[in-house]
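Take a look at the structure below.
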Amino acid sequence: MAREVAAPLAFEEVAPPRISALRRSLQLTRRHPLGAFGLLVIAVLLFAGIFAELAAPYDPLAPNRIAKTFAELSAPVDAEATEFTVGDSSDLGFGQTVGIGSEQIIVLLIAGNTITVERGAEGTEPVAHEAGAALGSTAVDAVSGPSVKHPFGTDRLGRDVLSRTIFGARISLMIGLVSIIFGVTVGSFLGVVSGYIGRFVDSLIQRSVDALLSFPPVVLLLAIITVIGDEGSAVRIFLADNTPIPQGTFLGVPDFLNIFVISLGIGLAVVASVARIVRGAVLSIKENVYIDAAKAMGASDARIMWRHIFPNVAALIVILGSITLPLAILAEAAISFLGVGVQPPVPSWGADMTGPNRELALSGTWWPVFFPGLALSLVVLGFNMVGDAFRDISDPRLRGALGADSGRGGSGL
Amino acid sequence: MRNYILRRLLILIPIMLGVSFLTFAMFRMIPGDAAVLRCQLGCTPEVVKDLRHQTGLDRPWYRQYSDWLWNIVRHGDLGESLTESKLPVTTELNRRLPITVELLVMTLIMALLLGIPPGVISAIRPGTPLDWLTRFGSVLWLSIPSFWLGILVIAFGVRWFDWTPPQFGRGYVPFMDDPWVNMQQFFFPSLVLALAIAAGIMRLTRSSLLEVLRNDYIRTAWSKGLRERTVVVRHALKNALIPVLTIVGLQVGALIGGSVIIESVFNLNGVGKYVLEAIIRRDFFVVQSLVLLFAATYVVANLVVDLLYGWLDPRIRYG
């Protein structure tokens, strides 16, 4: 009897079905379309902020000029001639300085189609010109509405609003990131220390937090920025003298020190609420048995806080940071709008919505105010939508800690 | 009950001392004070010294603070502005407080009207397009900055309807003098300010009502054969509103902050604009006094909220 030998099993493909990144992002888009939209907005913000020089069609600070032709030469002239014959002199005026080729000339007399001019004005060299050469000038293209050349129009100084909006993304991003990194780091440090050590330290930190939180947020922010943003404030002088933070343009951000100080101010306003929330989380974590175990093994307080408590609040801290980032961007815009934050001509969304632009908007020139505000709204909307989608996907335990639907919108901005 | 209220009001004292001292300390830290800002160009050290003496800024810092505090305790005198006008804070408040109070009250009413009904509708019809629309609207309201929306309202009001809020031409008109003009002055500022708060209320009403509707007593109410309206309004809503009320209380600070911005956008000469101007001019006695007022408002508003809990949920006792 022949022994039956088990035939080798057909080797089945058991590898998990491969899902491509594209497929996965399509799935995300279908399940959380708003979240995907938010991610897209954030990606655009990052792109605009990092590559502003490449993305912006014009210089955000320089007025844009348009070339205008007033008349054309109908006969050639040499370098000495002072009488020009032009096709039509009706657009020219007495005393007007116009350009022709590389040269500037001043119109002295107009007699029919013959004009008398002064050659070589404004330090240019008189040269010969061909027939058909244009007499023209470049005028500042101020307060022109949205057009093909300037999709968002130009402001009262002839600056391209689109370019200013793109560069504004960089300022917003910069301020948002610096203030969140500062605020969340300091806030969670205080929160962990306050929650873990307890007793006197806890009371001291928590009463200070109480005092800070009983200010209306906007008022607190205004006061902090006015105080530390002052020319002679100790913070600014310290930063200028003792740190390598440059005062001029750095990473494409003009007036870097000033903007850095504003970020610190916003970060300071974030500290209180972060410290409060992190402390709450630490209070429950420190009741765990593994903390007692670590203590029994002789671990120092610093080690317990760093190795056992901090990793457990890290996820919460990251989420707090991502929730606070759009609020920080909004805060920057608000205080710049109130005239206390970023000062013109630095292209900031908030600063562009105030001052002369605001006056103009009240008389119908809406574009210099509309587009920076639209960008700001979209960015905040994007972050909020990602936040919502993230909450749907992520651990439901976090809902309580973050006050799911509460707390938000509490900025009053 | 009375003890509870008293105890809560006693907390006010350390908080008010804390915020006013913090403000004072912050503004003392910067070298350029109100005297320097006041004489501006071509000001010699003598002039500054003189101005400092006049305004009392040359006293030691603890004297400045304690004198200011003592005047409040003894005479209810909030001090006066350090600027040339020397306007007493109390006089200014008499003029400005009605404006801000009206703005905030109208904002609160609008926020509740715009927040609770949509929240209820989206909670009792979850998953429908109506629910989706409400939720999308709430994210939208949360994200649009009030100052931008405010400017757009004014700009397009002029452009399309040839309408400007009346305060730009003729200043504040009290409700008693001309209710129609008064309402025109306050309708849009309160609406714009209310949107973000309404969004928060809407979301919270929705999630809290959804939670409450899962309770056993709601199932009982349904099985008794009650109409949907009775179940939702009589049985569920009252309980669902408790967290909403908490948020409204906590939002008072945000509301006051928002009024700083909205008053500046809509040219309303209220307390918010006052505090902004005072901060910019380093007029710190004014800032201190106003911050004191804000902190007190915040604490009292939250006390009122806590007392309202008792009405919403009779099980709550105050110990």
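Starting from 1 in every chain, residues are counted up; chains themselves are A, B, ... following the order of the structure tokens, and ligands are numbered from 1 as listed.
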Practice item. Report as a PyMOL selection string the set of chain B residues whose atoms approach chain A to within 6 Å, with distances computed over only C-alpha atoms. Key: chain B and resi 18-19+30+142-146+148+155+159+196+200+203-204+251+253-255+257-258+295
**Study point:** 9 Å contact set for B:Ile99, only C-alpha atoms, chain neighbours under 3 positions out, as a list in words
**Key:**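 Once the nearby chain positions are removed, what remains is Arg95, Arg96, Glu102, Leu103, Leu104, Tyr172, Pro174, Leu268, Asn269, Gly270 and Val271 of chain B.
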Output file for the selection above: C-alpha atoms, as a compact mmCIF listing (two decimals), in the first residue's frame:
```
# COMPACT_ATOMS: atom_id res chain seq x y z
CA ARG B 95 -20.43 107.25 28.20
CA ARG B 96 -19.04 104.05 26.72
CA GLU B 102 -25.89 96.72 24.18
CA LEU B 103 -23.45 95.19 21.70
CA LEU B 104 -22.72 92.22 23.94
CA TYR B 172 -24.07 106.56 18.87
CA PRO B 174 -29.38 105.46 22.31
CA LEU B 268 -18.51 102.20 17.93
CA ASN B 269 -17.01 104.21 20.76
CA GLY B 270 -17.39 101.56 23.40
CA VAL B 271 -15.19 100.11 26.09
```
Point to revise | Neighbour list for stretch 97-106 of chain A as a PyMOL selection string, cut-off 10 Å, only C-alpha atoms, skip fewer than 6 positions in-chain | key: chain A and resi 68-73+82+116-130+133-138
For the selection just defined, write its residues with N, CA and C atoms to a file, as an mmCIF file, in the first residue's frame.
```cif
data_model
loop_
_atom_site.group_PDB
_atom_site.id
_atom_site.type_symbol
_atom_site.label_atom_id
_atom_site.label_comp_id
_atom_site.auth_asym_id
_atom_site.auth_seq_id
_atom_site.Cartn_x
_atom_site.Cartn_y
_atom_site.Cartn_z
ATOM 1 N N LYS A 68 3.401 103.387 -20.866
ATOM 2 C CA LYS A 68 2.371 104.146 -21.570
ATOM 3 C C LYS A 68 3.046 104.864 -22.726
ATOM 4 N N THR A 69 2.478 104.809 -23.913
ATOM 5 C CA THR A 69 3.051 105.543 -25.048
ATOM 6 C C THR A 69 2.216 106.789 -25.304
ATOM 7 N N PHE A 70 2.895 107.941 -25.324
ATOM 8 C CA PHE A 70 2.166 109.190 -25.547
ATOM 9 C C PHE A 70 2.177 109.570 -27.026
ATOM 10 N N ALA A 71 3.325 109.351 -27.683
ATOM 11 C CA ALA A 71 3.434 109.763 -29.091
ATOM 12 C C ALA A 71 4.544 108.959 -29.749
ATOM 13 N N GLU A 72 4.585 108.987 -31.065
ATOM 14 C CA GLU A 72 5.652 108.310 -31.786
ATOM 15 C C GLU A 72 6.344 109.281 -32.721
ATOM 16 N N LEU A 73 7.671 109.145 -32.836
ATOM 17 C CA LEU A 73 8.427 110.018 -33.737
ATOM 18 C C LEU A 73 8.032 109.723 -35.184
ATOM 19 N N THR A 82 16.772 119.450 -31.146
ATOM 20 C CA THR A 82 15.871 119.752 -30.038
ATOM 21 C C THR A 82 14.438 119.859 -30.513
ATOM 22 N N THR A 116 9.326 121.056 -29.029
ATOM 23 C CA THR A 116 10.679 121.436 -28.657
ATOM 24 C C THR A 116 10.988 120.782 -27.320
ATOM 25 N N VAL A 117 12.157 120.153 -27.252
ATOM 26 C CA VAL A 117 12.450 119.398 -26.038
ATOM 27 C C VAL A 117 13.821 119.736 -25.495
ATOM 28 N N GLU A 118 14.028 119.439 -24.219
ATOM 29 C CA GLU A 118 15.364 119.498 -23.637
ATOM 30 C C GLU A 118 15.901 118.081 -23.631
ATOM 31 N N ARG A 119 17.084 117.900 -24.204
ATOM 32 C CA ARG A 119 17.626 116.551 -24.341
ATOM 33 C C ARG A 119 18.357 116.120 -23.076
ATOM 34 N N GLY A 120 18.468 114.829 -22.923
ATOM 35 C CA GLY A 120 19.311 114.255 -21.867
ATOM 36 C C GLY A 120 18.915 114.640 -20.454
ATOM 37 N N ALA A 121 17.641 114.602 -20.154
ATOM 38 C CA ALA A 121 17.198 114.933 -18.797
ATOM 39 C C ALA A 121 17.504 113.786 -17.833
ATOM 40 N N GLU A 122 17.488 114.095 -16.574
ATOM 41 C CA GLU A 122 17.704 113.107 -15.502
ATOM 42 C C GLU A 122 18.963 112.285 -15.700
ATOM 43 N N GLY A 123 20.009 112.961 -16.187
ATOM 44 C CA GLY A 123 21.315 112.311 -16.272
ATOM 45 C C GLY A 123 21.471 111.295 -17.383
ATOM 46 N N THR A 124 20.529 111.297 -18.356
ATOM 47 C CA THR A 124 20.678 110.345 -19.455
ATOM 48 C C THR A 124 21.455 110.984 -20.594
ATOM 49 N N GLU A 125 22.000 110.151 -21.458
ATOM 50 C CA GLU A 125 22.802 110.617 -22.585
ATOM 51 C C GLU A 125 21.929 110.842 -23.806
ATOM 52 N N PRO A 126 22.035 112.030 -24.474
ATOM 53 C CA PRO A 126 21.282 112.218 -25.729
ATOM 54 C C PRO A 126 21.850 111.295 -26.810
ATOM 55 N N VAL A 127 20.979 110.565 -27.481
ATOM 56 C CA VAL A 127 21.405 109.690 -28.585
ATOM 57 C C VAL A 127 20.458 109.896 -29.765
ATOM 58 N N ALA A 128 20.821 109.369 -30.916
ATOM 59 C CA ALA A 128 19.966 109.479 -32.099
ATOM 60 C C ALA A 128 18.801 108.497 -31.987
ATOM 61 N N HIS A 129 17.635 108.884 -32.529
ATOM 62 C CA HIS A 129 16.477 107.992 -32.493
ATOM 63 C C HIS A 129 15.921 107.788 -33.882
ATOM 64 N N GLU A 130 15.453 106.599 -34.157
ATOM 65 C CA GLU A 130 14.851 106.251 -35.442
ATOM 66 C C GLU A 130 13.442 106.829 -35.525
ATOM 67 N N ALA A 133 10.141 105.681 -33.108
ATOM 68 C CA ALA A 133 10.475 105.465 -31.693
ATOM 69 C C ALA A 133 9.370 106.053 -30.834
ATOM 70 N N ALA A 134 9.057 105.352 -29.709
ATOM 71 C CA ALA A 134 7.917 105.774 -28.887
ATOM 72 C C ALA A 134 8.363 106.745 -27.813
ATOM 73 N N LEU A 135 7.594 107.802 -27.613
ATOM 74 C CA LEU A 135 7.774 108.697 -26.477
ATOM 75 C C LEU A 135 6.800 108.215 -25.402
ATOM 76 N N GLY A 136 7.343 107.733 -24.328
ATOM 77 C CA GLY A 136 6.423 107.168 -23.334
ATOM 78 C C GLY A 136 6.954 107.299 -21.932
ATOM 79 N N SER A 137 6.225 106.745 -20.997
ATOM 80 C CA SER A 137 6.677 106.741 -19.612
ATOM 81 C C SER A 137 6.124 105.509 -18.936
ATOM 82 N N THR A 138 6.616 105.244 -17.750
ATOM 83 C CA THR A 138 6.044 104.163 -16.972
ATOM 84 C C THR A 138 5.354 104.785 -15.777
#
```
Apply DSSP to the structure's backbone, then extract all residues of stretch 63-284 of chain B labelled alpha helix (DSSP H) and return them as an mmCIF file with C-alpha atoms, in the first residue's frame.
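In the end it all went to result.cif:
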```cif
data_model
loop_
_atom_site.group_PDB
_atom_site.id
_atom_site.type_symbol
_atom_site.label_atom_id
_atom_site.label_comp_id
_atom_site.auth_asym_id
_atom_site.auth_seq_id
_atom_site.Cartn_x
_atom_site.Cartn_y
_atom_site.Cartn_z
ATOM 1 C CA ARG B 63 3.034 103.852 45.749
ATOM 2 C CA GLN B 64 1.549 104.239 42.280
ATOM 3 C CA TYR B 65 -0.185 100.900 42.519
ATOM 4 C CA SER B 66 -1.346 101.204 46.112
ATOM 5 C CA ASP B 67 -2.614 104.785 45.639
ATOM 6 C CA TRP B 68 -4.619 103.683 42.631
ATOM 7 C CA LEU B 69 -6.029 100.714 44.558
ATOM 8 C CA TRP B 70 -6.806 102.796 47.649
ATOM 9 C CA ASN B 71 -8.733 105.348 45.573
ATOM 10 C CA ILE B 72 -10.918 102.587 44.179
ATOM 11 C CA VAL B 73 -11.605 101.091 47.583
ATOM 12 C CA ARG B 74 -12.298 104.423 49.258
ATOM 13 C CA HIS B 75 -14.000 106.558 46.646
ATOM 14 C CA VAL B 89 -12.081 106.677 33.774
ATOM 15 C CA THR B 90 -15.476 106.730 35.489
ATOM 16 C CA THR B 91 -16.745 109.530 33.230
ATOM 17 C CA GLU B 92 -15.584 107.724 30.116
ATOM 18 C CA LEU B 93 -17.176 104.497 31.305
ATOM 19 C CA ASN B 94 -20.523 106.218 31.815
ATOM 20 C CA ARG B 95 -20.428 107.250 28.203
ATOM 21 C CA ARG B 96 -19.044 104.046 26.719
ATOM 22 C CA LEU B 97 -20.468 101.255 28.835
ATOM 23 C CA PRO B 98 -24.032 101.430 27.402
ATOM 24 C CA ILE B 99 -22.637 100.913 23.905
ATOM 25 C CA THR B 100 -20.623 97.837 24.787
ATOM 26 C CA VAL B 101 -23.347 96.374 26.976
ATOM 27 C CA GLU B 102 -25.890 96.719 24.183
ATOM 28 C CA LEU B 103 -23.452 95.195 21.704
ATOM 29 C CA LEU B 104 -22.718 92.223 23.938
ATOM 30 C CA VAL B 105 -26.339 91.581 24.897
ATOM 31 C CA MET B 106 -27.442 91.650 21.264
ATOM 32 C CA THR B 107 -24.539 89.420 20.301
ATOM 33 C CA LEU B 108 -25.459 86.901 22.961
ATOM 34 C CA ILE B 109 -29.106 86.844 21.868
ATOM 35 C CA MET B 110 -28.121 86.395 18.234
ATOM 36 C CA ALA B 111 -25.586 83.708 19.077
ATOM 37 C CA LEU B 112 -28.243 81.727 20.955
ATOM 38 C CA LEU B 113 -30.802 82.189 18.183
ATOM 39 C CA LEU B 114 -28.329 81.206 15.479
ATOM 40 C CA GLY B 115 -26.777 78.424 17.508
ATOM 41 C CA ILE B 116 -29.418 76.419 19.336
ATOM 42 C CA PRO B 117 -32.167 75.844 16.705
ATOM 43 C CA PRO B 118 -29.784 74.638 13.963
ATOM 44 C CA GLY B 119 -27.964 72.510 16.522
ATOM 45 C CA VAL B 120 -31.245 70.875 17.557
ATOM 46 C CA ILE B 121 -32.320 70.280 13.974
ATOM 47 C CA SER B 122 -29.028 68.694 13.028
ATOM 48 C CA ALA B 123 -29.111 66.476 16.130
ATOM 49 C CA ILE B 124 -32.616 65.117 15.521
ATOM 50 C CA PRO B 129 -28.258 67.061 4.056
ATOM 51 C CA LEU B 130 -29.655 69.532 6.592
ATOM 52 C CA ASP B 131 -27.304 68.148 9.242
ATOM 53 C CA TRP B 132 -24.405 68.267 6.841
ATOM 54 C CA LEU B 133 -25.201 71.857 5.911
ATOM 55 C CA THR B 134 -25.416 72.924 9.545
ATOM 56 C CA ARG B 135 -22.105 71.336 10.396
ATOM 57 C CA PHE B 136 -20.420 72.831 7.376
ATOM 58 C CA GLY B 137 -21.875 76.222 8.281
ATOM 59 C CA SER B 138 -20.534 75.939 11.794
ATOM 60 C CA VAL B 139 -16.971 75.246 10.602
ATOM 61 C CA LEU B 140 -17.315 78.142 8.210
ATOM 62 C CA TRP B 141 -18.506 80.586 10.892
ATOM 63 C CA LEU B 142 -15.680 79.463 13.154
ATOM 64 C CA SER B 143 -13.096 80.172 10.509
ATOM 65 C CA SER B 146 -14.772 88.863 12.371
ATOM 66 C CA PHE B 147 -12.727 91.880 11.302
ATOM 67 C CA TRP B 148 -12.642 90.749 7.693
ATOM 68 C CA LEU B 149 -16.346 89.979 7.579
ATOM 69 C CA GLY B 150 -17.073 93.313 9.266
ATOM 70 C CA ILE B 151 -15.160 95.310 6.672
ATOM 71 C CA LEU B 152 -16.823 93.391 3.860
ATOM 72 C CA VAL B 153 -20.278 94.100 5.296
ATOM 73 C CA ILE B 154 -19.519 97.814 5.343
ATOM 74 C CA ALA B 155 -17.721 97.874 1.983
ATOM 75 C CA PHE B 156 -20.394 95.966 0.088
ATOM 76 C CA GLY B 157 -23.163 97.719 1.994
ATOM 77 C CA VAL B 158 -21.906 100.971 0.527
ATOM 78 C CA ARG B 159 -21.269 99.513 -2.895
ATOM 79 C CA TRP B 160 -24.533 97.695 -3.456
ATOM 80 C CA PHE B 161 -27.088 99.295 -1.153
ATOM 81 C CA GLN B 167 -22.474 105.599 13.580
ATOM 82 C CA PHE B 168 -20.005 106.630 10.881
ATOM 83 C CA GLY B 169 -21.910 109.843 10.353
ATOM 84 C CA ARG B 170 -23.631 110.747 13.585
ATOM 85 C CA PRO B 179 -34.882 102.551 18.137
ATOM 86 C CA TRP B 180 -34.697 102.164 14.358
ATOM 87 C CA VAL B 181 -31.357 103.948 13.954
ATOM 88 C CA ASN B 182 -30.050 102.247 17.062
ATOM 89 C CA MET B 183 -30.880 98.826 15.647
ATOM 90 C CA GLN B 184 -29.161 99.715 12.377
ATOM 91 C CA GLN B 185 -26.095 100.635 14.374
ATOM 92 C CA PHE B 186 -25.942 97.381 16.272
ATOM 93 C CA PHE B 187 -27.419 94.758 13.958
ATOM 94 C CA PHE B 188 -24.369 93.993 11.841
ATOM 95 C CA PRO B 189 -21.689 94.362 14.521
ATOM 96 C CA SER B 190 -23.549 91.917 16.748
ATOM 97 C CA LEU B 191 -24.279 89.549 13.881
ATOM 98 C CA VAL B 192 -20.631 89.412 12.835
ATOM 99 C CA LEU B 193 -19.459 88.944 16.408
ATOM 100 C CA ALA B 194 -22.168 86.351 17.084
ATOM 101 C CA LEU B 195 -21.306 84.014 14.200
ATOM 102 C CA ALA B 196 -18.211 82.402 15.708
ATOM 103 C CA ILE B 197 -19.907 81.970 19.065
ATOM 104 C CA ALA B 198 -23.065 80.646 17.436
ATOM 105 C CA ALA B 199 -20.924 78.065 15.660
ATOM 106 C CA GLY B 200 -19.537 76.808 18.958
ATOM 107 C CA ILE B 201 -23.017 76.701 20.477
ATOM 108 C CA MET B 202 -24.374 74.893 17.428
ATOM 109 C CA ARG B 203 -21.752 72.154 17.561
ATOM 110 C CA LEU B 204 -22.100 71.687 21.271
ATOM 111 C CA THR B 205 -25.917 71.626 21.160
ATOM 112 C CA ARG B 206 -25.721 68.965 18.490
ATOM 113 C CA SER B 207 -23.285 66.672 20.239
ATOM 114 C CA SER B 208 -24.853 67.109 23.647
ATOM 115 C CA LEU B 209 -28.401 66.561 22.378
ATOM 116 C CA LEU B 210 -27.293 63.443 20.483
ATOM 117 C CA GLU B 211 -25.886 62.130 23.746
ATOM 118 C CA VAL B 212 -29.031 62.919 25.736
ATOM 119 C CA LEU B 213 -31.330 61.377 23.112
ATOM 120 C CA ASP B 216 -33.365 55.519 28.777
ATOM 121 C CA TYR B 217 -35.819 58.179 29.834
ATOM 122 C CA ILE B 218 -35.974 59.415 26.263
ATOM 123 C CA ARG B 219 -36.838 55.891 25.114
ATOM 124 C CA THR B 220 -39.541 55.858 27.768
ATOM 125 C CA ALA B 221 -40.886 59.141 26.489
ATOM 126 C CA TRP B 222 -40.992 57.783 22.947
ATOM 127 C CA SER B 223 -42.719 54.576 24.028
ATOM 128 C CA GLU B 228 -41.357 64.320 18.689
ATOM 129 C CA ARG B 229 -41.637 67.939 19.678
ATOM 130 C CA LYS B 238 -33.169 71.149 28.937
ATOM 131 C CA ASN B 239 -30.581 68.563 29.883
ATOM 132 C CA ALA B 240 -28.685 69.044 26.678
ATOM 133 C CA LEU B 241 -28.363 72.751 27.313
ATOM 134 C CA ILE B 242 -26.254 72.416 30.468
ATOM 135 C CA PRO B 243 -22.888 72.118 28.677
ATOM 136 C CA VAL B 244 -24.019 74.768 26.191
ATOM 137 C CA LEU B 245 -24.572 77.150 29.061
ATOM 138 C CA THR B 246 -21.070 76.450 30.388
ATOM 139 C CA ILE B 247 -19.606 77.403 27.052
ATOM 140 C CA VAL B 248 -21.638 80.593 26.904
ATOM 141 C CA GLY B 249 -20.212 81.519 30.302
ATOM 142 C CA LEU B 250 -16.677 80.754 29.237
ATOM 143 C CA GLN B 251 -17.179 82.724 26.036
ATOM 144 C CA VAL B 252 -17.764 85.975 27.897
ATOM 145 C CA GLY B 253 -14.031 86.679 27.874
ATOM 146 C CA ALA B 254 -13.865 85.988 24.153
ATOM 147 C CA LEU B 255 -16.888 88.231 23.637
ATOM 148 C CA ILE B 256 -15.218 91.144 25.396
ATOM 149 C CA GLY B 257 -12.075 90.565 23.361
ATOM 150 C CA GLY B 258 -14.150 90.379 20.206
ATOM 151 C CA SER B 259 -15.793 93.676 21.056
ATOM 152 C CA VAL B 260 -12.344 95.321 20.941
ATOM 153 C CA ILE B 261 -12.073 94.311 17.304
ATOM 154 C CA ILE B 262 -15.686 94.817 16.281
ATOM 155 C CA GLU B 263 -15.952 98.252 17.872
ATOM 156 C CA SER B 264 -12.873 99.288 15.991
ATOM 157 C CA VAL B 265 -14.238 97.953 12.690
ATOM 158 C CA VAL B 271 -15.191 100.110 26.094
ATOM 159 C CA GLY B 272 -13.373 97.848 23.624
ATOM 160 C CA LYS B 273 -12.114 100.769 21.597
ATOM 161 C CA TYR B 274 -11.239 102.546 24.819
ATOM 162 C CA VAL B 275 -8.999 99.728 26.010
ATOM 163 C CA LEU B 276 -7.316 99.479 22.599
ATOM 164 C CA GLU B 277 -6.509 103.189 22.583
ATOM 165 C CA ALA B 278 -5.325 103.064 26.177
ATOM 166 C CA ILE B 279 -2.986 100.142 25.483
ATOM 167 C CA ILE B 280 -1.478 101.885 22.486
ATOM 168 C CA PHE B 284 -1.866 102.019 32.129
#
```
Exercise for review: Provide the atom CA of A:His308 to atom CA of A:Gly195 distance in Å, to one decimal place.
Suggested key: 13.3 Å
Check your understanding: So how far away is atom CA of A:Gly321 from atom CA of A:Asp292, in Å?
Key -> 29.7 Å
Point to revise | Residue neighbourhood stretch 159-171 of chain A, 6 Å, only C-alpha atoms, exclusion window fewer than 4 positions, as an NGL selection string | key: :A and (48-49 or 52 or 56 or 58 or 60 or 63-64 or 152-155 or 347-349 or 372)
**Study point:** Straight-line distance linking atom CA of A:Ser20 with atom CA of A:Ile42, stated in Å to one decimal
**Key:** 22.5 Å
**Study point:** A:Gly387, A:Val186, A:Val193, A:Gly341 ranked by distance to A:Ala36, top pick (using only C-alpha atoms)
**Key:** A:Gly387
